[in-house]
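**Student:** See start.cif below, with mmCIF, all heavy atoms.
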```cif
data_data
#
loop_
_atom_site.label_atom_id
_atom_site.label_comp_id
_atom_site.auth_asym_id
_atom_site.auth_seq_id
_atom_site.Cartn_x
_atom_site.Cartn_y
_atom_site.Cartn_z
N MET I 22 98.91 96.97 109.19
CA MET I 22 98.41 96.41 107.95
C MET I 22 99.07 97.10 106.76
O MET I 22 99.43 96.46 105.78
CB MET I 22 96.90 96.57 107.89
CG MET I 22 96.30 95.90 106.68
SD MET I 22 94.53 95.89 106.78
CE MET I 22 94.15 96.88 105.38
N MET I 23 99.22 98.41 106.88
CA MET I 23 99.84 99.16 105.78
C MET I 23 101.30 98.71 105.57
O MET I 23 101.75 98.59 104.43
CB MET I 23 99.78 100.66 106.10
CG MET I 23 100.03 101.49 104.91
SD MET I 23 98.76 101.12 103.69
CE MET I 23 98.54 102.68 103.01
N LEU I 24 101.99 98.45 106.67
CA LEU I 24 103.37 97.98 106.55
C LEU I 24 103.42 96.61 105.86
O LEU I 24 104.30 96.37 105.03
CB LEU I 24 104.01 97.89 107.94
CG LEU I 24 105.48 97.51 107.99
CD1 LEU I 24 106.31 98.53 107.23
CD2 LEU I 24 105.94 97.42 109.41
N GLY I 25 102.47 95.74 106.15
CA GLY I 25 102.41 94.43 105.49
C GLY I 25 102.17 94.57 104.00
O GLY I 25 102.77 93.85 103.19
N LEU I 26 101.28 95.49 103.61
CA LEU I 26 101.01 95.70 102.19
C LEU I 26 102.23 96.29 101.48
O LEU I 26 102.55 95.89 100.36
CB LEU I 26 99.81 96.62 102.02
CG LEU I 26 98.46 96.04 102.45
CD1 LEU I 26 97.39 97.10 102.36
CD2 LEU I 26 98.11 94.84 101.61
N LEU I 27 102.92 97.20 102.15
CA LEU I 27 104.13 97.76 101.54
C LEU I 27 105.22 96.70 101.40
O LEU I 27 105.95 96.67 100.41
CB LEU I 27 104.64 98.94 102.38
CG LEU I 27 103.81 100.21 102.29
CD1 LEU I 27 104.32 101.24 103.30
CD2 LEU I 27 103.82 100.77 100.89
N GLU I 28 105.32 95.83 102.39
CA GLU I 28 106.30 94.74 102.32
C GLU I 28 105.98 93.80 101.17
O GLU I 28 106.87 93.37 100.43
CB GLU I 28 106.32 93.98 103.64
CG GLU I 28 107.33 92.86 103.66
CD GLU I 28 107.32 92.12 104.98
OE1 GLU I 28 106.65 92.54 105.92
OE2 GLU I 28 108.00 91.08 105.05
N ALA I 29 104.71 93.48 100.99
CA ALA I 29 104.30 92.62 99.88
C ALA I 29 104.62 93.27 98.54
O ALA I 29 105.11 92.61 97.62
CB ALA I 29 102.81 92.32 99.97
N LEU I 30 104.37 94.56 98.42
CA LEU I 30 104.68 95.28 97.20
C LEU I 30 106.19 95.29 96.95
O LEU I 30 106.64 95.09 95.82
CB LEU I 30 104.15 96.72 97.28
CG LEU I 30 104.40 97.60 96.07
CD1 LEU I 30 103.67 97.04 94.85
CD2 LEU I 30 103.96 99.02 96.34
N TRP I 31 106.98 95.49 97.99
CA TRP I 31 108.44 95.50 97.85
C TRP I 31 108.96 94.14 97.41
O TRP I 31 109.87 94.05 96.57
CB TRP I 31 109.10 95.92 99.16
CG TRP I 31 110.59 95.88 99.07
CD1 TRP I 31 111.41 95.01 99.70
CD2 TRP I 31 111.43 96.73 98.29
NE1 TRP I 31 112.71 95.26 99.35
CE2 TRP I 31 112.75 96.30 98.49
CE3 TRP I 31 111.19 97.78 97.42
CZ2 TRP I 31 113.82 96.92 97.87
CZ3 TRP I 31 112.26 98.39 96.82
CH2 TRP I 31 113.55 97.97 97.03
N ILE I 32 108.40 93.06 97.93
CA ILE I 32 108.82 91.71 97.52
C ILE I 32 108.54 91.51 96.03
O ILE I 32 109.37 90.99 95.29
CB ILE I 32 108.11 90.64 98.38
CG1 ILE I 32 108.67 90.65 99.78
CG2 ILE I 32 108.25 89.26 97.76
CD1 ILE I 32 107.92 89.78 100.75
N LEU I 33 107.36 91.93 95.59
CA LEU I 33 107.01 91.78 94.18
C LEU I 33 107.96 92.58 93.30
O LEU I 33 108.47 92.09 92.29
CB LEU I 33 105.57 92.23 93.96
CG LEU I 33 105.07 92.15 92.52
CD1 LEU I 33 105.01 90.69 92.08
CD2 LEU I 33 103.72 92.81 92.39
N VAL I 34 108.22 93.82 93.68
CA VAL I 34 109.13 94.68 92.90
C VAL I 34 110.53 94.09 92.87
O VAL I 34 111.16 94.01 91.81
CB VAL I 34 109.14 96.11 93.48
CG1 VAL I 34 110.28 96.93 92.89
CG2 VAL I 34 107.82 96.80 93.20
N SER I 35 111.03 93.64 94.00
CA SER I 35 112.39 93.12 94.03
C SER I 35 112.53 91.81 93.27
O SER I 35 113.55 91.57 92.62
CB SER I 35 112.88 92.96 95.47
OG SER I 35 112.09 92.03 96.16
N LEU I 36 111.51 90.95 93.32
CA LEU I 36 111.59 89.69 92.58
C LEU I 36 111.49 89.89 91.08
O LEU I 36 112.16 89.21 90.31
CB LEU I 36 110.49 88.73 93.03
CG LEU I 36 110.72 87.98 94.33
CD1 LEU I 36 109.50 87.14 94.67
CD2 LEU I 36 111.95 87.12 94.27
N LYS I 37 110.66 90.81 90.65
CA LYS I 37 110.42 90.97 89.22
C LYS I 37 111.40 91.91 88.53
O LYS I 37 111.74 91.71 87.37
CB LYS I 37 108.99 91.49 88.99
CG LYS I 37 107.94 90.45 89.20
CD LYS I 37 108.07 89.38 88.15
CE LYS I 37 106.93 88.39 88.24
NZ LYS I 37 107.05 87.34 87.25
N TRP I 38 111.85 92.98 89.23
CA TRP I 38 112.65 93.99 88.53
C TRP I 38 114.06 94.20 89.09
O TRP I 38 114.99 94.34 88.32
CB TRP I 38 111.91 95.33 88.54
CG TRP I 38 110.68 95.30 87.70
CD1 TRP I 38 110.63 95.25 86.33
CD2 TRP I 38 109.34 95.26 88.14
NE1 TRP I 38 109.34 95.20 85.91
CE2 TRP I 38 108.52 95.21 86.99
CE3 TRP I 38 108.73 95.28 89.39
CZ2 TRP I 38 107.14 95.17 87.07
CZ3 TRP I 38 107.36 95.25 89.46
CH2 TRP I 38 106.58 95.19 88.32
N LEU I 39 114.23 94.20 90.40
CA LEU I 39 115.54 94.54 90.96
C LEU I 39 116.52 93.37 90.93
O LEU I 39 117.67 93.53 90.51
CB LEU I 39 115.38 95.06 92.38
CG LEU I 39 114.63 96.38 92.51
CD1 LEU I 39 114.51 96.77 93.97
CD2 LEU I 39 115.28 97.48 91.71
N LEU I 40 116.10 92.20 91.38
CA LEU I 40 117.02 91.06 91.43
C LEU I 40 117.54 90.62 90.07
O LEU I 40 118.71 90.28 89.94
CB LEU I 40 116.38 89.89 92.17
CG LEU I 40 116.27 90.08 93.69
CD1 LEU I 40 115.62 88.86 94.31
CD2 LEU I 40 117.59 90.35 94.32
N PRO I 41 116.70 90.58 89.02
CA PRO I 41 117.23 90.17 87.71
C PRO I 41 118.31 91.10 87.16
O PRO I 41 119.09 90.69 86.33
CB PRO I 41 116.00 90.17 86.81
CG PRO I 41 114.86 89.93 87.71
CD PRO I 41 115.23 90.64 88.98
N ILE I 42 118.37 92.33 87.64
CA ILE I 42 119.44 93.24 87.21
C ILE I 42 120.79 92.74 87.72
O ILE I 42 121.79 92.78 87.01
CB ILE I 42 119.16 94.67 87.71
CG1 ILE I 42 117.92 95.23 87.01
CG2 ILE I 42 120.36 95.58 87.48
CD1 ILE I 42 117.45 96.56 87.56
N PHE I 43 120.82 92.22 88.95
CA PHE I 43 122.07 91.79 89.57
C PHE I 43 122.33 90.30 89.41
O PHE I 43 123.48 89.87 89.41
CB PHE I 43 122.06 92.15 91.06
CG PHE I 43 121.93 93.63 91.30
CD1 PHE I 43 120.74 94.15 91.76
CD2 PHE I 43 122.97 94.49 91.02
CE1 PHE I 43 120.60 95.51 91.97
CE2 PHE I 43 122.84 95.85 91.22
CZ PHE I 43 121.65 96.37 91.70
N PHE I 44 121.30 89.51 89.29
CA PHE I 44 121.43 88.06 89.16
C PHE I 44 120.72 87.61 87.89
O PHE I 44 120.15 88.41 87.17
CB PHE I 44 120.81 87.34 90.37
CG PHE I 44 121.43 87.74 91.67
CD1 PHE I 44 120.75 88.57 92.54
CD2 PHE I 44 122.68 87.30 92.03
CE1 PHE I 44 121.31 88.95 93.74
CE2 PHE I 44 123.25 87.67 93.23
CZ PHE I 44 122.57 88.50 94.09
N ASP I 45 120.76 86.32 87.63
CA ASP I 45 120.03 85.80 86.48
C ASP I 45 118.53 86.01 86.68
O ASP I 45 118.04 85.99 87.81
CB ASP I 45 120.31 84.30 86.31
CG ASP I 45 121.76 84.05 85.89
OD1 ASP I 45 122.34 84.94 85.24
OD2 ASP I 45 122.28 82.98 86.22
N PRO I 46 117.80 86.21 85.61
CA PRO I 46 116.34 86.40 85.75
C PRO I 46 115.67 85.22 86.44
O PRO I 46 116.05 84.07 86.24
CB PRO I 46 115.85 86.53 84.31
CG PRO I 46 117.05 86.94 83.53
CD PRO I 46 118.23 86.34 84.23
N ILE I 47 114.69 85.52 87.27
CA ILE I 47 113.95 84.50 87.98
C ILE I 47 112.68 84.21 87.19
O ILE I 47 111.84 85.08 87.02
CB ILE I 47 113.59 84.97 89.40
CG1 ILE I 47 114.85 85.27 90.20
CG2 ILE I 47 112.74 83.94 90.12
CD1 ILE I 47 114.58 85.90 91.54
N ASP I 48 112.58 83.00 86.70
CA ASP I 48 111.38 82.60 85.98
C ASP I 48 110.50 81.80 86.92
O ASP I 48 110.75 80.62 87.17
CB ASP I 48 111.73 81.77 84.75
CG ASP I 48 112.46 82.58 83.70
OD1 ASP I 48 112.17 83.78 83.58
OD2 ASP I 48 113.32 82.00 83.00
N LEU I 49 109.48 82.46 87.47
CA LEU I 49 108.57 81.79 88.38
C LEU I 49 107.44 81.16 87.57
O LEU I 49 106.83 81.82 86.74
CB LEU I 49 108.00 82.77 89.39
CG LEU I 49 109.00 83.41 90.36
CD1 LEU I 49 108.28 84.41 91.24
CD2 LEU I 49 109.69 82.36 91.20
N SER I 50 107.20 79.90 87.85
CA SER I 50 106.06 79.26 87.20
C SER I 50 104.77 79.75 87.85
O SER I 50 104.80 80.43 88.88
CB SER I 50 106.17 77.74 87.32
OG SER I 50 105.99 77.35 88.67
N LYS I 51 103.65 79.40 87.26
CA LYS I 51 102.37 79.84 87.82
C LYS I 51 102.15 79.25 89.21
O LYS I 51 101.60 79.91 90.08
CB LYS I 51 101.22 79.46 86.90
CG LYS I 51 101.19 80.28 85.65
CD LYS I 51 99.95 80.03 84.85
CE LYS I 51 100.03 80.90 83.60
NZ LYS I 51 98.74 81.13 83.01
N LYS I 52 102.60 78.02 89.42
CA LYS I 52 102.44 77.39 90.73
C LYS I 52 103.29 78.12 91.78
O LYS I 52 102.81 78.38 92.88
CB LYS I 52 102.86 75.92 90.64
CG LYS I 52 102.66 75.16 91.93
CD LYS I 52 103.03 73.70 91.76
CE LYS I 52 102.85 72.94 93.05
NZ LYS I 52 103.22 71.54 92.91
N GLN I 53 104.52 78.47 91.44
CA GLN I 53 105.38 79.19 92.38
C GLN I 53 104.82 80.58 92.68
O GLN I 53 104.85 81.03 93.82
CB GLN I 53 106.80 79.30 91.83
CG GLN I 53 107.52 77.97 91.78
CD GLN I 53 108.81 78.05 90.99
OE1 GLN I 53 108.92 78.81 90.05
NE2 GLN I 53 109.79 77.27 91.40
N THR I 54 104.30 81.25 91.66
CA THR I 54 103.70 82.56 91.85
C THR I 54 102.48 82.45 92.76
O THR I 54 102.28 83.29 93.65
CB THR I 54 103.30 83.18 90.50
OG1 THR I 54 104.45 83.24 89.66
CG2 THR I 54 102.74 84.57 90.68
N LEU I 55 101.67 81.43 92.58
CA LEU I 55 100.50 81.22 93.41
C LEU I 55 100.91 80.99 94.87
O LEU I 55 100.26 81.50 95.79
CB LEU I 55 99.68 80.04 92.89
CG LEU I 55 98.42 79.70 93.66
CD1 LEU I 55 97.42 80.85 93.58
CD2 LEU I 55 97.81 78.42 93.13
N ILE I 56 101.97 80.25 95.09
CA ILE I 56 102.44 79.99 96.46
C ILE I 56 102.91 81.29 97.11
O ILE I 56 102.60 81.57 98.27
CB ILE I 56 103.56 78.93 96.45
CG1 ILE I 56 102.97 77.57 96.09
CG2 ILE I 56 104.27 78.87 97.79
CD1 ILE I 56 103.99 76.49 95.84
N VAL I 57 103.65 82.12 96.37
CA VAL I 57 104.14 83.39 96.91
C VAL I 57 102.96 84.31 97.24
O VAL I 57 102.89 84.90 98.31
CB VAL I 57 105.12 84.07 95.92
CG1 VAL I 57 105.41 85.49 96.35
CG2 VAL I 57 106.40 83.27 95.81
N VAL I 58 102.02 84.42 96.32
CA VAL I 58 100.86 85.29 96.54
C VAL I 58 100.01 84.79 97.70
O VAL I 58 99.55 85.59 98.53
CB VAL I 58 100.03 85.41 95.24
CG1 VAL I 58 98.70 86.08 95.50
CG2 VAL I 58 100.80 86.18 94.19
N SER I 59 99.82 83.48 97.80
CA SER I 59 99.02 82.96 98.91
C SER I 59 99.72 83.19 100.25
O SER I 59 99.07 83.45 101.26
CB SER I 59 98.71 81.48 98.72
OG SER I 59 99.90 80.71 98.74
N GLY I 60 101.04 83.13 100.27
CA GLY I 60 101.78 83.44 101.50
C GLY I 60 101.61 84.89 101.90
O GLY I 60 101.45 85.21 103.08
N ILE I 61 101.63 85.79 100.92
CA ILE I 61 101.42 87.21 101.20
C ILE I 61 100.01 87.44 101.73
O ILE I 61 99.81 88.16 102.72
CB ILE I 61 101.69 88.05 99.94
CG1 ILE I 61 103.18 88.00 99.58
CG2 ILE I 61 101.22 89.48 100.11
CD1 ILE I 61 103.50 88.56 98.21
N VAL I 62 99.02 86.83 101.09
CA VAL I 62 97.63 86.99 101.52
C VAL I 62 97.44 86.44 102.93
O VAL I 62 96.81 87.07 103.78
CB VAL I 62 96.67 86.31 100.52
CG1 VAL I 62 95.25 86.23 101.07
CG2 VAL I 62 96.68 87.05 99.20
N PHE I 63 98.02 85.29 103.22
CA PHE I 63 97.92 84.71 104.56
C PHE I 63 98.56 85.62 105.59
O PHE I 63 98.04 85.80 106.69
CB PHE I 63 98.57 83.32 104.59
CG PHE I 63 98.53 82.68 105.94
CD1 PHE I 63 97.34 82.20 106.45
CD2 PHE I 63 99.68 82.57 106.70
CE1 PHE I 63 97.30 81.61 107.70
CE2 PHE I 63 99.65 81.98 107.95
CZ PHE I 63 98.45 81.50 108.45
N SER I 64 99.69 86.21 105.25
CA SER I 64 100.37 87.12 106.16
C SER I 64 99.53 88.36 106.45
O SER I 64 99.42 88.80 107.60
CB SER I 64 101.73 87.53 105.57
OG SER I 64 102.38 88.44 106.40
N VAL I 65 98.92 88.91 105.41
CA VAL I 65 98.06 90.09 105.59
C VAL I 65 96.84 89.73 106.44
O VAL I 65 96.47 90.47 107.35
CB VAL I 65 97.65 90.68 104.23
CG1 VAL I 65 96.57 91.73 104.39
CG2 VAL I 65 98.85 91.28 103.52
N ILE I 66 96.22 88.59 106.17
CA ILE I 66 95.03 88.18 106.93
C ILE I 66 95.38 87.93 108.39
O ILE I 66 94.65 88.34 109.29
CB ILE I 66 94.39 86.94 106.29
CG1 ILE I 66 93.74 87.34 104.96
CG2 ILE I 66 93.35 86.31 107.20
CD1 ILE I 66 93.22 86.18 104.15
N SER I 67 96.51 87.29 108.65
CA SER I 67 96.88 87.05 110.03
C SER I 67 97.23 88.36 110.75
O SER I 67 96.96 88.51 111.93
CB SER I 67 98.06 86.08 110.11
OG SER I 67 99.21 86.63 109.51
N GLY I 68 97.78 89.33 110.02
CA GLY I 68 98.04 90.64 110.61
C GLY I 68 96.76 91.37 110.95
O GLY I 68 96.66 92.01 112.02
N ILE I 69 95.76 91.29 110.09
CA ILE I 69 94.47 91.90 110.36
C ILE I 69 93.82 91.25 111.57
O ILE I 69 93.28 91.92 112.46
CB ILE I 69 93.54 91.81 109.12
CG1 ILE I 69 94.08 92.69 108.00
CG2 ILE I 69 92.12 92.19 109.48
CD1 ILE I 69 93.37 92.49 106.68
N TYR I 70 93.88 89.94 111.63
CA TYR I 70 93.30 89.21 112.78
C TYR I 70 93.99 89.61 114.08
O TYR I 70 93.33 89.85 115.10
CB TYR I 70 93.42 87.70 112.54
CG TYR I 70 92.88 86.87 113.68
CD1 TYR I 70 91.52 86.74 113.88
CD2 TYR I 70 93.75 86.23 114.56
CE1 TYR I 70 91.02 86.00 114.92
CE2 TYR I 70 93.27 85.49 115.61
CZ TYR I 70 91.92 85.37 115.79
OH TYR I 70 91.43 84.63 116.84
N ALA I 71 95.33 89.69 114.05
CA ALA I 71 96.06 90.08 115.26
C ALA I 71 95.72 91.51 115.67
O ALA I 71 95.60 91.82 116.86
CB ALA I 71 97.57 89.94 115.02
N MET I 72 95.54 92.40 114.70
CA MET I 72 95.19 93.78 114.99
C MET I 72 93.79 93.85 115.62
O MET I 72 93.57 94.60 116.57
CB MET I 72 95.24 94.61 113.72
CG MET I 72 94.99 96.07 113.93
SD MET I 72 95.15 97.02 112.41
CE MET I 72 93.82 96.36 111.43
N LEU I 73 92.85 93.07 115.11
CA LEU I 73 91.51 93.07 115.65
C LEU I 73 91.46 92.46 117.07
O LEU I 73 90.69 92.90 117.91
CB LEU I 73 90.55 92.32 114.73
CG LEU I 73 90.28 93.00 113.38
CD1 LEU I 73 89.41 92.09 112.51
CD2 LEU I 73 89.61 94.35 113.59
N GLU I 74 92.26 91.45 117.31
CA GLU I 74 92.32 90.83 118.64
C GLU I 74 92.96 91.78 119.65
O GLU I 74 92.62 91.72 120.83
CB GLU I 74 93.09 89.51 118.58
CG GLU I 74 92.34 88.40 117.91
CD GLU I 74 91.13 87.95 118.71
OE1 GLU I 74 91.23 87.81 119.93
OE2 GLU I 74 90.08 87.77 118.09
N ALA I 75 93.88 92.61 119.21
CA ALA I 75 94.57 93.51 120.14
C ALA I 75 93.67 94.66 120.57
O ALA I 75 93.86 95.25 121.62
CB ALA I 75 95.83 94.06 119.49
N SER I 76 92.68 95.00 119.75
CA SER I 76 91.83 96.15 120.10
C SER I 76 90.57 95.75 120.83
O SER I 76 90.29 94.74 121.26
CB SER I 76 91.44 96.92 118.86
OG SER I 76 90.76 96.10 117.95
#
```
Write out the structure in this file as structure tokens.

**Tutor:**
Amino acid sequence: MMLGLLEALWILVSLKWLLPIFFDPIDLSKKQTLIVVSGIVFSVISGIYAMLEAS
């Protein structure tokens, strides 16, 4: 679960600060941001579920 949270944080950092340094700035609309965040939340929830099923 911790690895999933770190991955989500890294994606946010790279999309907002690192990539615009090398490429054109990425202007995400609110809808696109919502889709990215919901994908991260779904990934974390499915990881928690898998961890609980394994134990």

**Student:** Would you kindly translate the PyMOL selection byres (((chain I and resi 23 and name CA) around 12) and name CA) into the concrete residues it picks from this file, as a list in words?

**Tutor:** Met22, Leu24, Gly25, Leu26, Leu27, Glu28, Ala29, Leu30, Val65, Gly68, Ile69 and Met72 of chain I

**Student:** Could you jot down the atom O of Trp31 in chain I to NZ of Lys51 in chain I separation for me, Å, one decimal place?

**Tutor:**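 Separation of atom O of Trp31 in chain I and NZ of Lys51 in chain I: 21.8 Å.
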
**Student:** Report, in Å with one decimal, the straight-line distance from CA of Val57 in chain I to CA of Leu73 in chain I.

**Tutor:**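 Those two atoms sit 24.6 Å apart.
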
**Student:** CG1 of Ile61 in chain I and CA of Leu33 in chain I, how far apart in Å?

**Tutor:**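 Result for CA of Leu33 in chain I versus CG1 of Ile61 in chain I: 7.6 Å, one decimal.
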